[in-house]
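A quick write-up on the structure given underneath.
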Amino acid sequence: MNTYAVIDFETTGLSPGHGARPTEIAVVLVRRDRIVKSYQSLMNPGVHIPHEIQSLTGITNQMVRKAPDVATVMSAAAEFAGDHPLVADNASFDRKFWDAELQRIRRRRHQAFVCSLLLSRRLFPQFPNHKLQTLVRSLRLPDTGRNHRALADAEATAHLLLRLQQELVRRFRLPSVDCRLLLSIQRACRGQMEACVRNHKGSRK
DNA sequence: TGCCAGGCCCTCTTTAGGGCCTT
């Protein structure tokens with residue numbers, strides 16, 4: 001079954017290597033052409049949320065004070081995601097936090113990370129920029145609510161993933177798109193996307 | 001004291017620099 005676990009973190013900063021911790025996570029399961037299940041939770045990061053990030057996300061120190069701790073939430077999120085390929089917008093960011101927090105609870109990631117930002121740059125280079133909200137507007141994806149909240153952004157990324165898959169099917173007349181092809185395209189240099197698809201078609205014969 | 005992310009991508013590049021994108 002072609003199922004993906006789309007994730008999004010809200011955090012106290014940009015780098016777990018400099019003490020940033022997650023404040024919220026959402027995991028959205030996408031199967032075939034739709035969202036089938038979702039998980040979302042605030043968590044107590046155990047560190048102060050800077051004022052500018054509270055303004056950005058709307059998540060305050062007061063909101064997370066009584067939330068479950070990060071270990072509890074990450075354990076539940078990892079169970080929910082299972083072994084499905086993970087998807088995130090600008091996956092290098094979410095991957096850092098996912099791996100760092102799993103390491104804290106002595107777990108390891110075994111699945112690949114698909115990046116909707118890299119795929120969007122390959123498939124829609126004509127857009128003025130590739131911010132998630134710009135892609136939502138440009139592609140007329142469903143409005144999922146307040147951006148910079150985990151569930152809204154994870155759902156937006158899930159709709160973007162479905163749109164990217166539809167675009168690949170349409171543009172290259174593919175019967176379907178699997179995780180291996182997505183990873184191959186996101187790793188390819190500019191101009192090599194067609195070669196990726198040709199190789200992929202050849203390997204399926 | 002002062003600074004502090006990091007991966008990807010482009011180009012006036014490749015012995016580098018800077019913008020984009022995530023919070």
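A note on labels: chains of the structure tokens are A, B, ... as shown, every chain counts residues from 1, and ligands are counted from 1 in their shown order.
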Within 6 Å of chain A: residues of chain B, using only C-alpha atoms (C1' of nucleotides), as a list in words: DA5, DT22 and DT23 of chain B
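We find atom CA of A:Cys196 and atom CA of A:Leu181 to be spaced 7.5 Å apart.
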Out of stretch 28-142 of chain A, which residues get alpha helix (DSSP H) from DSSP, as a ChimeraX atom specification? /A:51-57,61-65,70-81,91-104,116-123,132-138
All strand (DSSP E or B) positions in stretch 50-125 of chain A, as JSON, numbers by chain: {"A": [69, 86, 87, 88, 113, 114, 115]}
Which residues, written as a PyMOL selection string, have at least one atom at most 12 Å from A:Ile35, with only C-alpha atoms (C1' of nucleotides) counted and residues fewer than 2 positions away on the same chain left out? chain A and resi 3-6+27-33+37-39+154-162
Select from stretch 44-140 of chain A every residue with an atom at most 12 Å from any atom of stretch 168-178 of chain A, then for each give the shortest pair of atoms and their distance in Å to one decimal, using only C-alpha atoms, rows by chain and rising number, as CSV.
residue,atom,partner,partner_atom,distance
A:Pro85,CA,A:Asp178,CA,10.4
A:Val114,CA,A:Asp178,CA,11.0
A:Leu119,CA,A:Leu168,CA,10.2
A:Ser120,CA,A:Leu168,CA,11.0
A:Arg122,CA,A:Leu168,CA,10.7
A:Leu123,CA,A:Leu168,CA,8.1
A:Phe124,CA,A:Leu168,CA,11.1
Using only C-alpha atoms (C1' of nucleotides), which residues sit within 10 Å of A:Ala112 once same-chain residues fewer than 5 positions away are excluded, as a PyMOL selection string? chain A and resi 83-87+95+179-180+183
Could you dump the residues just selected with all heavy atoms as a PDB file, in the first residue's frame?
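Output file out39.pdb follows:
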ATOM      1  N   ASP A  83       6.272   2.599   9.785  1.00  0.00           N
ATOM      2  CA  ASP A  83       7.405   2.496   8.865  1.00  0.00           C
ATOM      3  C   ASP A  83       7.126   3.174   7.522  1.00  0.00           C
ATOM      4  O   ASP A  83       7.869   2.978   6.562  1.00  0.00           O
ATOM      5  CB  ASP A  83       7.765   1.020   8.624  1.00  0.00           C
ATOM      6  CG  ASP A  83       8.334   0.390   9.880  1.00  0.00           C
ATOM      7  OD1 ASP A  83       9.024   1.108  10.634  1.00  0.00           O
ATOM      8  OD2 ASP A  83       8.102  -0.812  10.103  1.00  0.00           O
ATOM      9  N   HIS A  84       6.049   3.936   7.441  1.00  0.00           N
ATOM     10  CA  HIS A  84       5.721   4.596   6.175  1.00  0.00           C
ATOM     11  C   HIS A  84       6.781   5.647   5.846  1.00  0.00           C
ATOM     12  O   HIS A  84       7.328   6.282   6.757  1.00  0.00           O
ATOM     13  CB  HIS A  84       4.349   5.264   6.254  1.00  0.00           C
ATOM     14  CG  HIS A  84       3.239   4.320   6.572  1.00  0.00           C
ATOM     15  ND1 HIS A  84       2.990   3.180   5.824  1.00  0.00           N
ATOM     16  CD2 HIS A  84       2.314   4.317   7.565  1.00  0.00           C
ATOM     17  CE1 HIS A  84       1.952   2.531   6.342  1.00  0.00           C
ATOM     18  NE2 HIS A  84       1.537   3.195   7.392  1.00  0.00           N
ATOM     19  N   PRO A  85       7.048   5.876   4.554  1.00  0.00           N
ATOM     20  CA  PRO A  85       7.953   6.957   4.184  1.00  0.00           C
ATOM     21  C   PRO A  85       7.451   8.270   4.772  1.00  0.00           C
ATOM     22  O   PRO A  85       6.246   8.539   4.773  1.00  0.00           O
ATOM     23  CB  PRO A  85       7.882   6.980   2.652  1.00  0.00           C
ATOM     24  CG  PRO A  85       7.387   5.636   2.248  1.00  0.00           C
ATOM     25  CD  PRO A  85       6.506   5.166   3.363  1.00  0.00           C
ATOM     26  N   LEU A  86       8.382   9.078   5.269  1.00  0.00           N
ATOM     27  CA  LEU A  86       8.024  10.366   5.863  1.00  0.00           C
ATOM     28  C   LEU A  86       8.101  11.454   4.792  1.00  0.00           C
ATOM     29  O   LEU A  86       8.933  11.381   3.885  1.00  0.00           O
ATOM     30  CB  LEU A  86       8.971  10.695   7.011  1.00  0.00           C
ATOM     31  CG  LEU A  86       8.873   9.752   8.207  1.00  0.00           C
ATOM     32  CD1 LEU A  86      10.076   9.922   9.122  1.00  0.00           C
ATOM     33  CD2 LEU A  86       7.589   9.994   8.978  1.00  0.00           C
ATOM     34  N   VAL A  87       7.226  12.426   4.914  1.00  0.00           N
ATOM     35  CA  VAL A  87       7.200  13.559   3.974  1.00  0.00           C
ATOM     36  C   VAL A  87       7.142  14.838   4.793  1.00  0.00           C
ATOM     37  O   VAL A  87       6.417  14.909   5.790  1.00  0.00           O
ATOM     38  CB  VAL A  87       5.962  13.501   3.048  1.00  0.00           C
ATOM     39  CG1 VAL A  87       5.962  14.675   2.071  1.00  0.00           C
ATOM     40  CG2 VAL A  87       5.893  12.179   2.306  1.00  0.00           C
ATOM     41  N   ARG A  95      13.572  16.697   9.477  1.00  0.00           N
ATOM     42  CA  ARG A  95      14.396  15.499   9.685  1.00  0.00           C
ATOM     43  C   ARG A  95      15.357  15.687  10.861  1.00  0.00           C
ATOM     44  O   ARG A  95      15.560  14.779  11.651  1.00  0.00           O
ATOM     45  CB  ARG A  95      15.174  15.192   8.407  1.00  0.00           C
ATOM     46  CG  ARG A  95      15.932  13.863   8.451  1.00  0.00           C
ATOM     47  CD  ARG A  95      16.612  13.598   7.130  1.00  0.00           C
ATOM     48  NE  ARG A  95      17.489  14.690   6.746  1.00  0.00           N
ATOM     49  CZ  ARG A  95      17.631  15.150   5.507  1.00  0.00           C
ATOM     50  NH1 ARG A  95      16.945  14.638   4.520  1.00  0.00           N
ATOM     51  NH2 ARG A  95      18.451  16.146   5.250  1.00  0.00           N
ATOM     52  N   CYS A 179       7.272   5.952  -3.996  1.00  0.00           N
ATOM     53  CA  CYS A 179       8.238   6.689  -3.184  1.00  0.00           C
ATOM     54  C   CYS A 179       9.621   6.707  -3.836  1.00  0.00           C
ATOM     55  O   CYS A 179      10.335   7.707  -3.778  1.00  0.00           O
ATOM     56  CB  CYS A 179       8.310   6.050  -1.799  1.00  0.00           C
ATOM     57  SG  CYS A 179       9.449   6.878  -0.685  1.00  0.00           S
ATOM     58  N   ARG A 180       9.973   5.604  -4.481  1.00  0.00           N
ATOM     59  CA  ARG A 180      11.297   5.508  -5.105  1.00  0.00           C
ATOM     60  C   ARG A 180      11.472   6.573  -6.190  1.00  0.00           C
ATOM     61  O   ARG A 180      12.534   7.198  -6.306  1.00  0.00           O
ATOM     62  CB  ARG A 180      11.471   4.100  -5.704  1.00  0.00           C
ATOM     63  CG  ARG A 180      12.907   3.677  -5.939  1.00  0.00           C
ATOM     64  CD  ARG A 180      12.986   2.153  -5.994  1.00  0.00           C
ATOM     65  NE  ARG A 180      12.071   1.603  -6.972  1.00  0.00           N
ATOM     66  CZ  ARG A 180      12.408   1.328  -8.248  1.00  0.00           C
ATOM     67  NH1 ARG A 180      13.625   1.574  -8.674  1.00  0.00           N
ATOM     68  NH2 ARG A 180      11.523   0.810  -9.077  1.00  0.00           N
ATOM     69  N   LEU A 183      11.848  10.071  -4.545  1.00  0.00           N
ATOM     70  CA  LEU A 183      13.207  10.258  -3.999  1.00  0.00           C
ATOM     71  C   LEU A 183      14.209  10.477  -5.124  1.00  0.00           C
ATOM     72  O   LEU A 183      15.138  11.286  -4.998  1.00  0.00           O
ATOM     73  CB  LEU A 183      13.607   9.043  -3.152  1.00  0.00           C
ATOM     74  CG  LEU A 183      12.826   8.872  -1.855  1.00  0.00           C
ATOM     75  CD1 LEU A 183      13.131   7.511  -1.228  1.00  0.00           C
ATOM     76  CD2 LEU A 183      13.155   9.979  -0.874  1.00  0.00           C
TER      77      LEU A 183
END
